[in-house]
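K.L.:
Below is coords-v4.cif; it holds mmCIF, C-alpha atoms and all ligand atoms.
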```
data_protein
#
loop_
_atom_site.label_atom_id
_atom_site.label_comp_id
_atom_site.auth_asym_id
_atom_site.auth_seq_id
_atom_site.Cartn_x
_atom_site.Cartn_y
_atom_site.Cartn_z
CA MET G 286 -97.79 -43.24 -26.50
CA HIS G 287 -98.95 -44.00 -30.05
CA TRP G 288 -96.16 -45.23 -32.31
CA ILE G 289 -96.84 -42.46 -34.82
CA ILE G 290 -96.18 -39.80 -32.19
CA LYS G 291 -93.07 -41.66 -31.03
CA THR G 292 -91.72 -41.75 -34.59
CA ALA G 293 -92.51 -38.07 -35.09
CA LEU G 294 -90.70 -37.19 -31.83
CA LEU G 295 -87.67 -39.31 -32.71
CA THR G 296 -87.46 -37.77 -36.18
CA THR G 297 -87.64 -34.29 -34.68
CA LEU G 298 -85.00 -35.14 -32.09
CA LEU G 299 -82.64 -36.59 -34.68
CA HIS G 300 -83.19 -33.54 -36.82
CA PHE G 301 -82.01 -31.16 -34.04
CA THR G 302 -79.23 -33.29 -32.47
CA PRO G 303 -76.05 -31.96 -34.07
CA VAL G 304 -74.10 -34.68 -35.83
CA ARG G 305 -70.74 -34.65 -34.02
CA ALA G 306 -67.62 -35.13 -36.10
CA GLU G 307 -65.54 -37.88 -34.46
CA ILE G 308 -61.94 -36.80 -33.90
CA GLU G 309 -59.31 -39.31 -32.83
CA LEU G 310 -56.45 -38.00 -30.66
CA LEU G 311 -53.39 -40.22 -30.10
CA HIS G 312 -51.52 -39.21 -26.92
CA TRP G 313 -49.75 -40.43 -23.75
CA TRP G 314 -51.54 -38.38 -21.11
CA THR G 315 -52.68 -41.09 -18.68
CA SER G 316 -51.93 -39.79 -15.18
CA LYS G 317 -54.58 -38.13 -12.98
CA GLY G 318 -53.33 -34.63 -13.77
CA GLU G 319 -52.88 -35.37 -17.45
CA ILE G 320 -56.40 -36.84 -17.73
CA LYS G 321 -57.82 -33.74 -16.05
CA ALA G 322 -56.04 -31.62 -18.65
CA LEU G 323 -57.19 -33.96 -21.42
CA ASN G 324 -60.78 -33.49 -20.24
CA THR G 325 -60.51 -29.75 -20.90
CA ILE G 326 -59.66 -30.67 -24.51
CA LYS G 327 -62.61 -33.08 -24.63
CA LYS G 328 -64.96 -30.36 -23.33
CA GLN G 329 -63.62 -27.73 -25.71
CA LEU G 330 -64.16 -30.05 -28.66
CA ASN G 331 -67.58 -31.16 -27.41
CA ASP G 332 -68.67 -27.54 -27.05
CA HIS G 333 -67.84 -27.13 -30.73
CA ASP G 334 -69.70 -30.23 -31.92
CA TYR G 335 -66.71 -32.54 -32.07
CA GLN G 336 -66.70 -35.97 -30.43
CA MET G 337 -63.16 -36.73 -29.20
CA VAL G 338 -62.01 -40.34 -29.42
CA SER G 339 -59.06 -40.63 -27.02
CA THR G 340 -56.43 -43.19 -28.01
CA SER G 341 -54.01 -43.19 -25.08
CA VAL G 342 -50.67 -45.00 -25.11
CA ILE G 343 -49.19 -45.62 -21.66
CA GLY G 344 -45.60 -44.46 -21.15
CA GLY G 345 -44.62 -41.11 -19.70
CA GLY G 346 -42.49 -39.11 -22.07
CA GLY G 347 -44.18 -40.62 -25.10
CA ASP G 348 -41.56 -43.13 -26.30
CA THR G 349 -44.19 -45.83 -26.86
CA ALA G 350 -46.72 -43.41 -28.32
CA THR G 351 -44.11 -42.31 -30.88
CA THR G 352 -43.64 -45.94 -31.95
CA VAL G 353 -47.39 -46.52 -32.20
CA LEU G 354 -47.83 -43.42 -34.37
CA GLN G 355 -45.04 -44.59 -36.70
CA ALA G 356 -46.67 -48.02 -37.02
CA ARG G 357 -50.09 -46.52 -37.73
CA ALA G 358 -48.67 -44.18 -40.35
CA LEU G 359 -46.99 -47.14 -42.09
CA ALA G 360 -50.35 -48.94 -42.03
CA GLY G 361 -52.11 -45.90 -43.51
CA ASN G 362 -54.24 -45.62 -40.41
CA THR G 363 -53.32 -42.32 -38.78
CA PRO G 364 -55.37 -40.55 -36.10
CA ASN G 365 -56.74 -37.09 -36.87
CA ILE G 366 -54.47 -35.54 -34.25
CA ALA G 367 -51.32 -36.84 -32.54
CA GLN G 368 -49.41 -35.47 -29.56
CA ILE G 369 -45.82 -34.79 -30.54
CA GLU G 370 -42.71 -32.90 -29.43
CA GLY G 371 -39.80 -31.02 -30.93
CA PRO G 372 -37.80 -32.06 -34.02
CA SER G 373 -40.21 -34.93 -34.81
CA ILE G 374 -42.64 -32.29 -36.09
CA LYS G 375 -40.23 -31.37 -38.85
CA ALA G 376 -39.52 -35.04 -39.59
CA TRP G 377 -43.22 -35.87 -39.98
CA ASP G 378 -43.76 -32.81 -42.17
CA ALA G 379 -40.86 -33.82 -44.38
CA ILE G 380 -42.72 -36.98 -45.42
CA GLY G 381 -45.74 -34.90 -46.49
CA ILE G 382 -48.23 -36.39 -44.05
CA LEU G 383 -49.25 -33.26 -42.10
CA HIS G 384 -51.84 -30.60 -42.80
CA ASP G 385 -50.48 -27.08 -42.57
CA LEU G 386 -52.23 -24.83 -40.05
CA ASN G 387 -51.43 -21.51 -41.70
CA ASN G 388 -55.08 -20.43 -41.76
CA THR G 389 -55.26 -20.98 -38.00
CA ALA G 390 -51.92 -19.24 -37.49
CA LYS G 391 -53.20 -16.21 -39.37
CA LYS G 392 -56.54 -16.15 -37.55
CA HIS G 393 -54.78 -16.29 -34.15
CA GLN G 394 -51.86 -14.09 -35.20
CA TRP G 395 -49.33 -16.72 -34.07
CA ASN G 396 -46.44 -14.66 -35.42
CA GLU G 397 -47.29 -12.03 -32.80
CA THR G 398 -48.93 -14.09 -30.03
CA LEU G 399 -46.68 -17.16 -29.78
CA ASN G 400 -43.56 -17.52 -27.62
CA PRO G 401 -40.46 -17.50 -29.89
CA LEU G 402 -39.68 -21.12 -28.98
CA ALA G 403 -43.17 -22.18 -30.11
CA LYS G 404 -42.76 -20.32 -33.41
CA GLU G 405 -39.47 -22.06 -34.14
CA ILE G 406 -40.50 -25.58 -33.11
CA ASN G 407 -43.87 -25.67 -34.91
CA GLN G 408 -42.86 -24.22 -38.29
CA THR G 409 -41.16 -25.65 -41.34
CA GLU G 410 -40.74 -24.27 -44.85
CA ASN G 411 -44.46 -25.09 -45.20
CA GLY G 412 -45.32 -22.62 -42.45
CA TYR G 413 -47.03 -23.75 -39.26
CA VAL G 414 -47.47 -27.53 -39.33
CA ALA G 415 -48.28 -28.15 -35.66
CA LEU G 416 -50.41 -26.57 -32.94
CA PRO G 417 -48.34 -25.75 -29.82
CA LEU G 418 -50.07 -26.41 -26.49
CA THR G 419 -47.67 -26.33 -23.52
CA LEU G 420 -44.28 -25.09 -22.40
CA HIS G 421 -43.06 -27.35 -19.58
CA ARG G 422 -40.04 -26.51 -17.44
CA MET G 423 -37.99 -29.60 -16.55
CA ASN G 424 -35.22 -28.36 -14.24
CA TRP G 425 -37.41 -28.30 -11.14
CA LEU G 426 -36.68 -29.78 -7.70
CA TRP G 427 -39.96 -30.66 -5.97
CA VAL G 428 -39.61 -30.63 -2.17
CA ASN G 429 -41.81 -32.14 0.54
CA HIS G 430 -41.68 -29.33 3.13
CA ASP G 431 -43.03 -31.44 5.98
CA LEU G 432 -40.24 -34.00 5.59
CA LEU G 433 -37.63 -31.25 5.11
CA THR G 434 -38.68 -29.70 8.44
CA GLN G 435 -38.79 -33.10 10.12
CA LEU G 436 -35.18 -33.70 8.99
CA ALA G 437 -34.12 -30.16 9.96
CA LEU G 438 -32.84 -29.50 6.44
CA ASP G 439 -32.73 -26.44 4.22
CA VAL G 440 -33.70 -26.52 0.56
CA PRO G 441 -30.56 -27.69 -1.32
CA VAL G 442 -29.19 -25.20 -3.85
CA THR G 443 -26.22 -27.30 -4.97
CA TRP G 444 -25.80 -31.02 -5.71
CA PRO G 445 -23.41 -31.49 -2.75
CA GLU G 446 -26.17 -30.05 -0.52
CA LEU G 447 -28.72 -32.29 -2.25
CA PHE G 448 -26.56 -35.37 -1.65
CA ILE G 449 -26.19 -34.44 2.03
CA ALA G 450 -29.97 -34.02 2.34
CA MET G 451 -30.69 -37.29 0.51
CA ASP G 452 -28.13 -39.16 2.66
CA LYS G 453 -29.84 -37.85 5.82
CA ALA G 454 -33.29 -38.82 4.52
CA LYS G 455 -32.04 -42.31 3.76
CA ARG G 456 -30.57 -42.68 7.27
CA HIS G 457 -34.03 -41.77 8.60
CA HIS G 458 -35.68 -44.39 6.38
CA ILE G 459 -37.26 -41.80 4.12
CA GLU G 460 -36.91 -42.37 0.37
CA PRO G 461 -34.52 -39.59 -0.70
CA LEU G 462 -35.72 -39.21 -4.29
CA ALA G 463 -39.07 -40.13 -5.85
CA ILE G 464 -38.20 -41.76 -9.18
CA GLY G 465 -39.43 -44.68 -11.29
CA LYS G 466 -37.12 -47.30 -12.82
CA GLN G 467 -37.72 -46.24 -16.43
CA PRO G 468 -35.16 -44.98 -19.02
CA TRP G 469 -36.91 -41.67 -19.62
CA GLN G 470 -37.13 -40.82 -15.90
CA ILE G 471 -33.56 -41.85 -15.09
CA ALA G 472 -32.15 -40.02 -18.12
CA GLN G 473 -33.77 -36.80 -16.89
CA LEU G 474 -31.60 -36.95 -13.75
CA PHE G 475 -28.50 -37.19 -15.91
CA GLU G 476 -29.63 -34.22 -17.98
CA SER G 477 -29.99 -32.14 -14.82
CA LEU G 478 -26.47 -33.13 -13.74
CA VAL G 479 -25.04 -32.15 -17.14
CA ILE G 480 -26.38 -28.61 -16.78
CA ALA G 481 -25.40 -28.43 -13.11
CA TYR G 482 -21.77 -29.55 -13.59
CA GLY G 483 -21.14 -28.53 -17.20
CA GLY G 484 -23.26 -25.44 -17.61
CA VAL G 485 -25.66 -24.51 -20.39
CA ASP G 486 -23.11 -24.21 -23.20
CA PHE G 487 -21.63 -27.62 -22.35
CA TYR G 488 -25.18 -29.08 -22.18
CA GLN G 489 -25.92 -27.64 -25.62
CA GLN G 490 -22.71 -29.12 -27.04
CA ALA G 491 -22.93 -32.53 -25.43
CA MET G 492 -26.67 -33.27 -25.31
CA VAL G 493 -28.17 -31.20 -28.14
CA ASN G 494 -25.36 -31.14 -30.69
CA LEU G 495 -24.07 -34.56 -29.58
CA ASP G 496 -20.56 -33.20 -30.01
CA LYS G 497 -18.02 -36.01 -29.54
CA THR G 498 -15.40 -33.76 -27.92
CA ALA G 499 -17.90 -32.63 -25.28
CA ILE G 500 -19.21 -36.19 -24.73
CA SER G 501 -15.68 -37.55 -24.19
CA SER G 502 -14.50 -34.60 -22.09
CA GLN G 503 -13.23 -34.54 -18.50
CA GLU G 504 -16.43 -32.68 -17.53
CA MET G 505 -18.47 -35.63 -18.76
CA GLN G 506 -16.36 -38.04 -16.68
CA GLU G 507 -17.12 -35.93 -13.59
CA ILE G 508 -20.83 -35.92 -14.44
CA PHE G 509 -20.87 -39.71 -14.72
CA LYS G 510 -19.12 -39.86 -11.31
CA GLN G 511 -22.01 -37.86 -9.78
CA PHE G 512 -24.53 -39.98 -11.71
CA ARG G 513 -22.92 -43.11 -10.21
CA ARG G 514 -23.03 -41.56 -6.72
CA LEU G 515 -26.76 -40.95 -7.28
CA SER G 516 -27.37 -44.49 -8.54
CA LEU G 517 -25.66 -45.94 -5.44
CA LEU G 518 -27.78 -43.70 -3.21
CA VAL G 519 -31.18 -44.50 -4.76
CA GLY G 520 -30.44 -47.78 -6.55
CA GLU G 521 -31.89 -50.21 -4.03
CA GLN G 522 -35.16 -48.28 -3.73
CA LEU G 523 -35.70 -48.26 -7.48
CA ALA G 524 -39.02 -49.76 -8.51
CA ASP G 525 -40.50 -49.92 -11.99
CA HIS G 526 -43.18 -47.35 -11.40
CA LYS G 527 -44.48 -44.44 -13.47
CA TRP G 528 -43.47 -40.83 -12.87
CA GLU G 529 -46.91 -40.12 -11.42
CA THR G 530 -46.46 -42.90 -8.83
CA ALA G 531 -43.25 -41.14 -7.79
CA THR G 532 -45.25 -37.92 -7.44
CA GLN G 533 -47.75 -39.76 -5.23
CA TYR G 534 -44.88 -40.94 -3.00
CA LEU G 535 -43.71 -37.32 -2.73
CA ALA G 536 -47.24 -36.19 -1.84
CA GLN G 537 -47.75 -39.01 0.70
CA ASP G 538 -44.60 -38.11 2.71
CA LYS G 539 -42.83 -41.26 1.49
CA SER G 540 -40.20 -39.35 -0.54
CA LEU G 541 -38.36 -36.13 0.21
CA PHE G 542 -37.60 -34.90 -3.33
CA GLN G 543 -38.58 -35.37 -6.97
CA ILE G 544 -36.65 -33.92 -9.91
CA GLY G 545 -38.60 -33.34 -13.13
CA GLY G 546 -40.95 -31.37 -15.31
CA ASP G 547 -43.92 -29.37 -14.06
CA TRP G 548 -46.38 -32.01 -15.20
CA VAL G 549 -45.62 -32.95 -11.59
CA LEU G 550 -47.44 -29.73 -10.64
CA GLY G 551 -50.45 -30.80 -12.71
CA GLU G 552 -50.44 -34.12 -10.85
CA LEU G 553 -50.17 -32.47 -7.42
CA ILE G 554 -53.05 -30.12 -8.28
CA ALA G 555 -55.14 -33.13 -9.35
CA LEU G 556 -54.26 -34.80 -6.01
CA ASN G 557 -55.44 -31.64 -4.20
CA ILE G 558 -51.99 -31.12 -2.72
CA ASP G 559 -51.19 -27.56 -1.62
CA VAL G 560 -48.40 -26.24 -3.83
CA PRO G 561 -46.23 -24.44 -2.68
CA LYS G 562 -47.20 -24.96 1.00
CA LYS G 563 -46.99 -28.77 1.22
CA ILE G 564 -44.79 -29.35 -1.82
CA GLY G 565 -42.52 -26.57 -3.01
CA CYS G 566 -41.04 -26.00 -6.46
CA TYR G 567 -37.40 -24.93 -6.60
CA VAL G 568 -34.97 -24.59 -9.47
CA ALA G 569 -32.99 -27.84 -9.77
CA PRO G 570 -29.61 -27.51 -8.00
CA GLN G 571 -26.95 -25.43 -9.78
CA THR G 572 -29.31 -24.59 -12.68
CA GLN G 573 -30.42 -21.17 -11.47
CA GLY G 574 -31.39 -18.96 -14.42
CA VAL G 575 -31.61 -21.94 -16.80
CA PHE G 576 -34.88 -23.02 -18.40
CA LEU G 577 -34.72 -26.62 -19.61
CA TYR G 578 -37.89 -27.06 -21.63
CA ASN G 579 -40.13 -29.43 -23.45
CA MET G 580 -43.21 -28.51 -25.47
CA ASP G 581 -46.33 -30.46 -26.34
CA SER G 582 -47.80 -29.90 -29.80
CA PHE G 583 -50.51 -31.50 -31.89
CA ILE G 584 -50.03 -32.52 -35.51
CA PHE G 585 -53.07 -32.83 -37.79
CA MET G 586 -52.58 -35.75 -40.12
CA SER G 587 -53.56 -35.72 -43.77
CA ARG G 588 -56.15 -38.40 -44.60
CA PRO G 589 -58.73 -38.72 -47.39
CA ASP G 590 -61.53 -38.15 -44.84
CA PHE G 591 -59.76 -35.27 -43.02
CA THR G 592 -59.04 -32.29 -45.25
CA VAL G 593 -56.81 -29.30 -44.57
CA GLN G 594 -59.94 -27.18 -44.12
CA GLN G 595 -61.33 -29.60 -41.54
CA ALA G 596 -57.94 -29.65 -39.80
CA ASN G 597 -57.85 -25.86 -39.56
CA ASP G 598 -61.45 -25.68 -38.34
CA LEU G 599 -60.43 -28.08 -35.58
CA ALA G 600 -57.10 -26.35 -34.84
CA ASN G 601 -58.92 -23.03 -34.59
CA VAL G 602 -61.00 -24.46 -31.72
CA LEU G 603 -57.85 -25.62 -29.86
CA ALA G 604 -55.91 -22.43 -30.57
CA ASN G 605 -58.55 -20.48 -28.67
CA LYS G 606 -56.94 -18.26 -26.01
CA THR G 607 -59.42 -19.06 -23.20
CA PHE G 608 -59.08 -22.80 -23.82
CA GLN G 609 -55.26 -22.61 -23.95
CA SER G 610 -55.31 -20.83 -20.60
CA GLN G 611 -57.66 -23.41 -19.02
CA PHE G 612 -55.65 -26.34 -20.38
CA ASN G 613 -52.24 -25.11 -19.18
CA LYS G 614 -53.54 -24.10 -15.76
CA VAL G 615 -54.56 -27.74 -15.17
CA LYS G 616 -51.55 -29.28 -16.98
CA GLY G 617 -48.99 -27.46 -14.82
CA ALA G 618 -47.26 -25.88 -17.82
CA ILE G 619 -47.10 -22.28 -18.98
CA PRO G 620 -49.03 -21.22 -22.10
CA VAL G 621 -47.26 -20.92 -25.43
CA ARG G 622 -49.22 -17.71 -26.11
CA ASN G 623 -47.68 -14.56 -24.67
CA ASP G 624 -51.06 -12.81 -24.29
CA ILE G 625 -52.45 -14.98 -21.46
CA ASP G 626 -52.72 -13.50 -17.95
CA LEU G 627 -51.12 -15.88 -15.41
CA SER G 628 -52.61 -14.23 -12.32
CA GLY G 629 -54.91 -17.23 -11.72
CA PHE G 630 -52.10 -19.78 -12.24
CA ASN G 631 -50.09 -21.54 -9.51
CA VAL G 632 -47.07 -19.60 -8.17
CA CYS G 633 -44.75 -22.23 -9.66
CA GLN G 634 -46.17 -21.48 -13.11
CA GLN G 635 -45.78 -17.77 -12.51
CA GLN G 636 -42.15 -18.31 -11.53
CA ALA G 637 -41.59 -20.54 -14.58
CA SER G 638 -42.93 -17.79 -16.82
CA GLN G 639 -40.66 -15.16 -15.25
CA ASP G 640 -37.67 -17.52 -15.41
CA LEU G 641 -38.37 -18.29 -19.08
CA GLU G 642 -38.40 -14.60 -19.91
CA PHE G 643 -35.01 -14.20 -18.17
CA ALA G 644 -33.61 -17.33 -19.83
CA LEU G 645 -34.65 -16.22 -23.32
CA ILE G 646 -33.00 -12.83 -22.85
CA HIS G 647 -29.77 -14.43 -21.52
CA LYS G 648 -29.76 -17.40 -23.93
CA LEU G 649 -30.25 -19.86 -21.06
CA ALA G 650 -33.32 -21.65 -22.46
CA VAL G 651 -32.32 -25.11 -23.70
CA PRO G 652 -34.35 -28.03 -25.14
CA SER G 653 -34.54 -31.35 -23.30
CA MET G 654 -32.75 -34.12 -25.20
CA THR G 655 -34.13 -36.88 -22.98
CA ASP G 656 -37.68 -35.63 -23.56
CA SER G 657 -37.72 -35.44 -27.34
CA MET G 658 -36.82 -31.80 -27.88
CA ALA G 659 -33.32 -32.01 -29.34
CA VAL G 660 -32.43 -35.09 -31.38
CA ASN G 661 -34.33 -37.74 -33.38
CA PRO G 662 -36.27 -40.33 -31.34
CA ILE G 663 -33.96 -43.20 -32.31
CA LYS G 664 -30.83 -41.50 -30.96
CA GLN G 665 -32.72 -40.10 -27.98
CA GLN G 666 -34.10 -43.46 -26.90
CA ALA G 667 -30.76 -45.22 -27.53
CA ILE G 668 -28.89 -42.70 -25.36
CA ASN G 669 -31.60 -42.76 -22.68
CA ASN G 670 -31.26 -46.53 -22.58
CA GLU G 671 -27.45 -46.38 -22.22
CA LEU G 672 -27.87 -44.02 -19.26
CA PHE G 673 -30.53 -46.30 -17.80
CA GLN G 674 -28.32 -49.42 -18.04
CA PHE G 675 -25.42 -47.56 -16.41
CA PHE G 676 -27.65 -46.36 -13.55
CA LYS G 677 -29.07 -49.84 -12.90
CA ASN G 678 -25.77 -51.70 -13.03
CA ASP G 679 -22.95 -50.48 -10.74
CA SER G 680 -20.39 -52.57 -12.60
CA ILE G 681 -20.80 -50.69 -15.89
CA ASP G 682 -17.83 -48.39 -16.55
CA SER G 683 -18.66 -44.86 -17.69
CA LYS G 684 -15.91 -44.99 -20.32
CA ALA G 685 -17.76 -47.82 -22.10
CA VAL G 686 -21.04 -45.89 -21.95
CA ILE G 687 -19.37 -42.75 -23.31
CA ARG G 688 -17.93 -44.78 -26.20
CA ARG G 689 -21.39 -46.16 -26.99
CA ILE G 690 -23.04 -42.73 -26.80
CA ILE G 691 -20.44 -41.39 -29.24
CA ALA G 692 -21.22 -44.29 -31.58
CA ILE G 693 -24.95 -43.49 -31.34
CA ALA G 694 -24.22 -39.79 -31.94
CA SER G 695 -22.14 -40.68 -35.02
CA SER G 696 -24.75 -42.99 -36.55
CA ASP G 697 -26.63 -41.76 -39.61
CA ASN G 698 -30.19 -42.20 -38.49
C1 LIG G 701 -43.81 -35.35 -21.60
C2 LIG G 701 -44.98 -34.50 -22.04
C3 LIG G 701 -45.71 -33.91 -20.87
C4 LIG G 701 -45.95 -34.92 -19.77
C5 LIG G 701 -44.80 -35.92 -19.58
C6 LIG G 701 -45.14 -37.10 -18.70
O1 LIG G 701 -43.15 -35.87 -22.71
O2 LIG G 701 -44.49 -33.43 -22.84
O3 LIG G 701 -46.92 -33.35 -21.34
O4 LIG G 701 -47.14 -35.53 -19.95
O5 LIG G 701 -44.34 -36.40 -20.80
O6 LIG G 701 -45.92 -38.02 -19.36
#
```
Now that the file is in, can you turn its structure into C-alpha cells?
P.N.:
Amino acid sequence: MHWIIKTALLTTLLHFTPVRAEIELLHWWTSKGEIKALNTIKKQLNDHDYQMVSTSVIGGGGDTATTVLQARALAGNTPNIAQIEGPSIKAWDAIGILHDLNNTAKKHQWNETLNPLAKEINQTENGYVALPLTLHRMNWLWVNHDLLTQLALDVPVTWPELFIAMDKAKRHHIEPLAIGKQPWQIAQLFESLVIAYGGVDFYQQAMVNLDKTAISSQEMQEIFKQFRRLSLLVGEQLADHKWETATQYLAQDKSLFQIGGDWVLGELIALNIDVPKKIGCYVAPQTQGVFLYNMDSFIFMSRPDFTVQQANDLANVLANKTFQSQFNKVKGAIPVRNDIDLSGFNVCQQQASQDLEFALIHKLAVPSMTDSMAVNPIKQQAINNELFQFFKNDSIDSKAVIRRIIAIASSDN
C-alpha cells in the first residue's frame, strides 16, 4: 500500500481513537476474587474513556498499602485514586490533600441513596470526601459442609461448640481452621471472641473506644483465655499464607472452617465453589444479630494535573448504580447504596443485607478495629501485632499484653 495512503489512514485512525485519560489506582486487591472485582472497575473506566493503571500492594487488609500511600504523599507523588477505609478518610482530608466529591454526591443523591454508615464514614466538614464502594460483613463463619458431614458435626452456634468441632477435626487430621500466620488475620479472630464473650457494648468500649477499664477487665482476661485455647489448637498448623490461601484450603476440603469477612465469598465465587451448598456462611459463634463491618472507599487525591472537576467526572462514573451493583456482586460485599436490588446476589449477601438492617435498627452494627474502621492505623497495627505475638508464643502472659495494649491506647498518636 502506498505510503501516502498509509499515512492518511493512520492520521484518520489517530483522529478517531479517543485519547484515554490515564488514572492510577493504588489498592491491595490481589486475590482471584479481588482481581475479578477490580476488573469490573477497569471495564467501567474503559467504557468511559479512562485507562486504569493498577498499582497493587500485596497485603490483605491494606496495612502495607496504607504505608505506601503515606510515603507517596510525602514524596508528592500521589495516585489519582487510593483505596482506603474508615477514620483514615477524615485524617487524609484534614491535611487538605483530597478532592471533595460533593458534585458527585449531589448528582447521585447520596444523602438519600447511601446507607447511613456510608454517609457517616465518607463525610467531613468539607462534605463528601470519599466514594464508598463496599460494605463487608466480618463476623462470618465459613463452613465446609462436606467435611462437617464426614465428621458427623452440626454447625457450631457457640464457641464451646466450635472448639468441640475443631478438636474433632484435628483428631481426624483435618485442619480445624483455615487461617494465615499474619497479624491482620489473627487479630480478626480475637475481635470475634471479644464480641462473642463480651457483647457489642463491651466490644465498642474495649476495641473502638480503647477504654482502659474495659481492656483491663475480667471479661478481657476470659477472652484472652479463649484466644490462648485457640492458639494452642491451631498453633502448629499456622503457616505464613495469605487469607485467600486459607480460603483455598477451605474450598479444597483441607480445612473445616474459616472465620472472616465476606471477601471470602468473592474468592469462593471466583473459584467456582457452590456457596451455600459446598461452603456455607453462618454468623460467627455467639454474634447473632451483630454486624461487624468494614467498608472500602476511594479517595481522589488533589494534584496539579488532577483537578476537582476531573475527580468528580471520574467519581461520577464509579458512583453509577449499575456498576456498583456489578462490583459488589463479584466482591462478595453488599452495596453501600440502598436502592440496589439484591435478587441476583448470593444468598449470603442477601442475608448480610437483612442482618445489617436489623443491626442498624438495634444498634448492633459495629466497626472493625482490626480492619481499619475504628482507630488510627498506628494504634490498630500496634494492637494487631501485640495480639499476633501473643497467639504465636504460648509463653506470653495475657497480663503483659493487656498492659501494652493500654499503653498503645494511651499514646497520643
Ligand atoms: C479488607 C478490604 C476488603 C478485602 C480484605 C482482604 O481490608 O476492605 O476489600 O479485600 O481487606 O484483602
K.L.:
Please provide the set of residues having any atom within 7 Å of Ala596 of chain G, restricted to all atoms listed in the file, with same-chain residues fewer than 5 positions apart removed, written as an mmCIF file with C-alpha atoms, in the frame of the given file.
P.N.:
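Saved file result-v9.cif follows:
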```cif
data_model
loop_
_atom_site.group_PDB
_atom_site.id
_atom_site.type_symbol
_atom_site.label_atom_id
_atom_site.label_comp_id
_atom_site.auth_asym_id
_atom_site.auth_seq_id
_atom_site.Cartn_x
_atom_site.Cartn_y
_atom_site.Cartn_z
ATOM 1 C CA HIS G 384 -51.840 -30.600 -42.800
ATOM 2 C CA PHE G 585 -53.070 -32.830 -37.790
ATOM 3 C CA PHE G 591 -59.760 -35.270 -43.020
#
```
K.L.:
Between G:Phe475, G:Trp444, G:Trp528, G:Tyr335, which residue has the minimum interatomic distance to ligand LIG 701 (chain G), considering all atoms listed in the file?
P.N.:
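Comparing G:Phe475, G:Trp444, G:Trp528, G:Tyr335 against ligand LIG 701 (chain G), the winner is G:Trp528.
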K.L.:
Report as a ChimeraX atom specification which protein, DNA and RNA residues come within 10 Å of ligand LIG 701 (chain G), using only C-alpha atoms and all ligand atoms.
P.N.:
/G:312-316,318-320,322,343-348,368-371,418-423,469-470,527-529,545-549,551-552,578-582,616-618,653,655-658
K.L.:
Which residues come within 12 Å of Lys392 of chain G, counting all atoms listed in the file, excluding same-chain residues fewer than 2 positions away, as an NGL selection string?
P.N.:
:G and (386-390 or 394-398 or 597-598 or 600-602 or 604-606)
K.L.:
Dig up all the protein and nucleic acid residues within 10 Å of (-37.0, -17.2, -16.0) in the file frame, using all atoms listed in the file, and format them as a list in words.
P.N.:
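The answer, in the requested form, is Arg422, Gln573, Gly574, Val575, Phe576, Gln635, Gln636, Ala637, Ser638, Gln639, Asp640, Leu641, Glu642, Phe643, Ala644, Leu645, Ile646, His647, Leu649 and Ala650 of chain G.
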K.L.:
Have a look at atom CA of Ser502 of chain G and atom CA of Ile681 of chain G and let me know their distance in Å, one decimal.
P.N.:
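Calculated distance between atom CA of Ser502 of chain G and atom CA of Ile681 of chain G is 18.4 Å.
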K.L.:
Compile the contact shell of Thr434 of chain G as a CSV table (one decimal) with C-alpha atoms, in the frame of the given file: residues with an atom at most 12 Å away, counting all atoms listed in the file, same-chain residues fewer than 6 positions apart removed.
P.N.:
```
chain,number,residue,atom,x,y,z
G,428,VAL,CA,-39.6,-30.6,-2.2
G,440,VAL,CA,-33.7,-26.5,0.6
G,450,ALA,CA,-30.0,-34.0,2.3
G,454,ALA,CA,-33.3,-38.8,4.5
G,538,ASP,CA,-44.6,-38.1,2.7
G,541,LEU,CA,-38.4,-36.1,0.2
G,563,LYS,CA,-47.0,-28.8,1.2
G,564,ILE,CA,-44.8,-29.4,-1.8
```
K.L.:
Of the candidates G:Ser683, G:Ser587, G:Asn661, G:Ser339, which shows the shortest atom-to-atom distance to Asn362 of chain G, using only C-alpha atoms?
P.N.:
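When distances to Asn362 of chain G are compared using only C-alpha atoms, the smallest one comes from G:Ser587.
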K.L.:
Show me, as a tab-separated table, the residues of segment 488-564 of chain G having an atom within 12 Å of segment 665-669 of chain G, each with the closest atom pair and its distance in Å, using all atoms listed in the file.
P.N.:
```
residue	atom	partner	partner_atom	distance
G:Ala491	CA	G:Ile668	CA	11.8
G:Met492	CA	G:Gln665	CA	9.5
G:Val493	CA	G:Gln665	CA	10.0
G:Asn494	CA	G:Gln665	CA	11.9
G:Leu495	CA	G:Ile668	CA	10.4
G:Ile500	CA	G:Ile668	CA	11.7
```
K.L.:
Counting all atoms listed in the file, which residue out of G:Leu436, G:Val651, G:Ile374, G:Met337 sits closest to Gly484 of chain G?
P.N.:
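Closest to Gly484 of chain G of all the choices is G:Val651.
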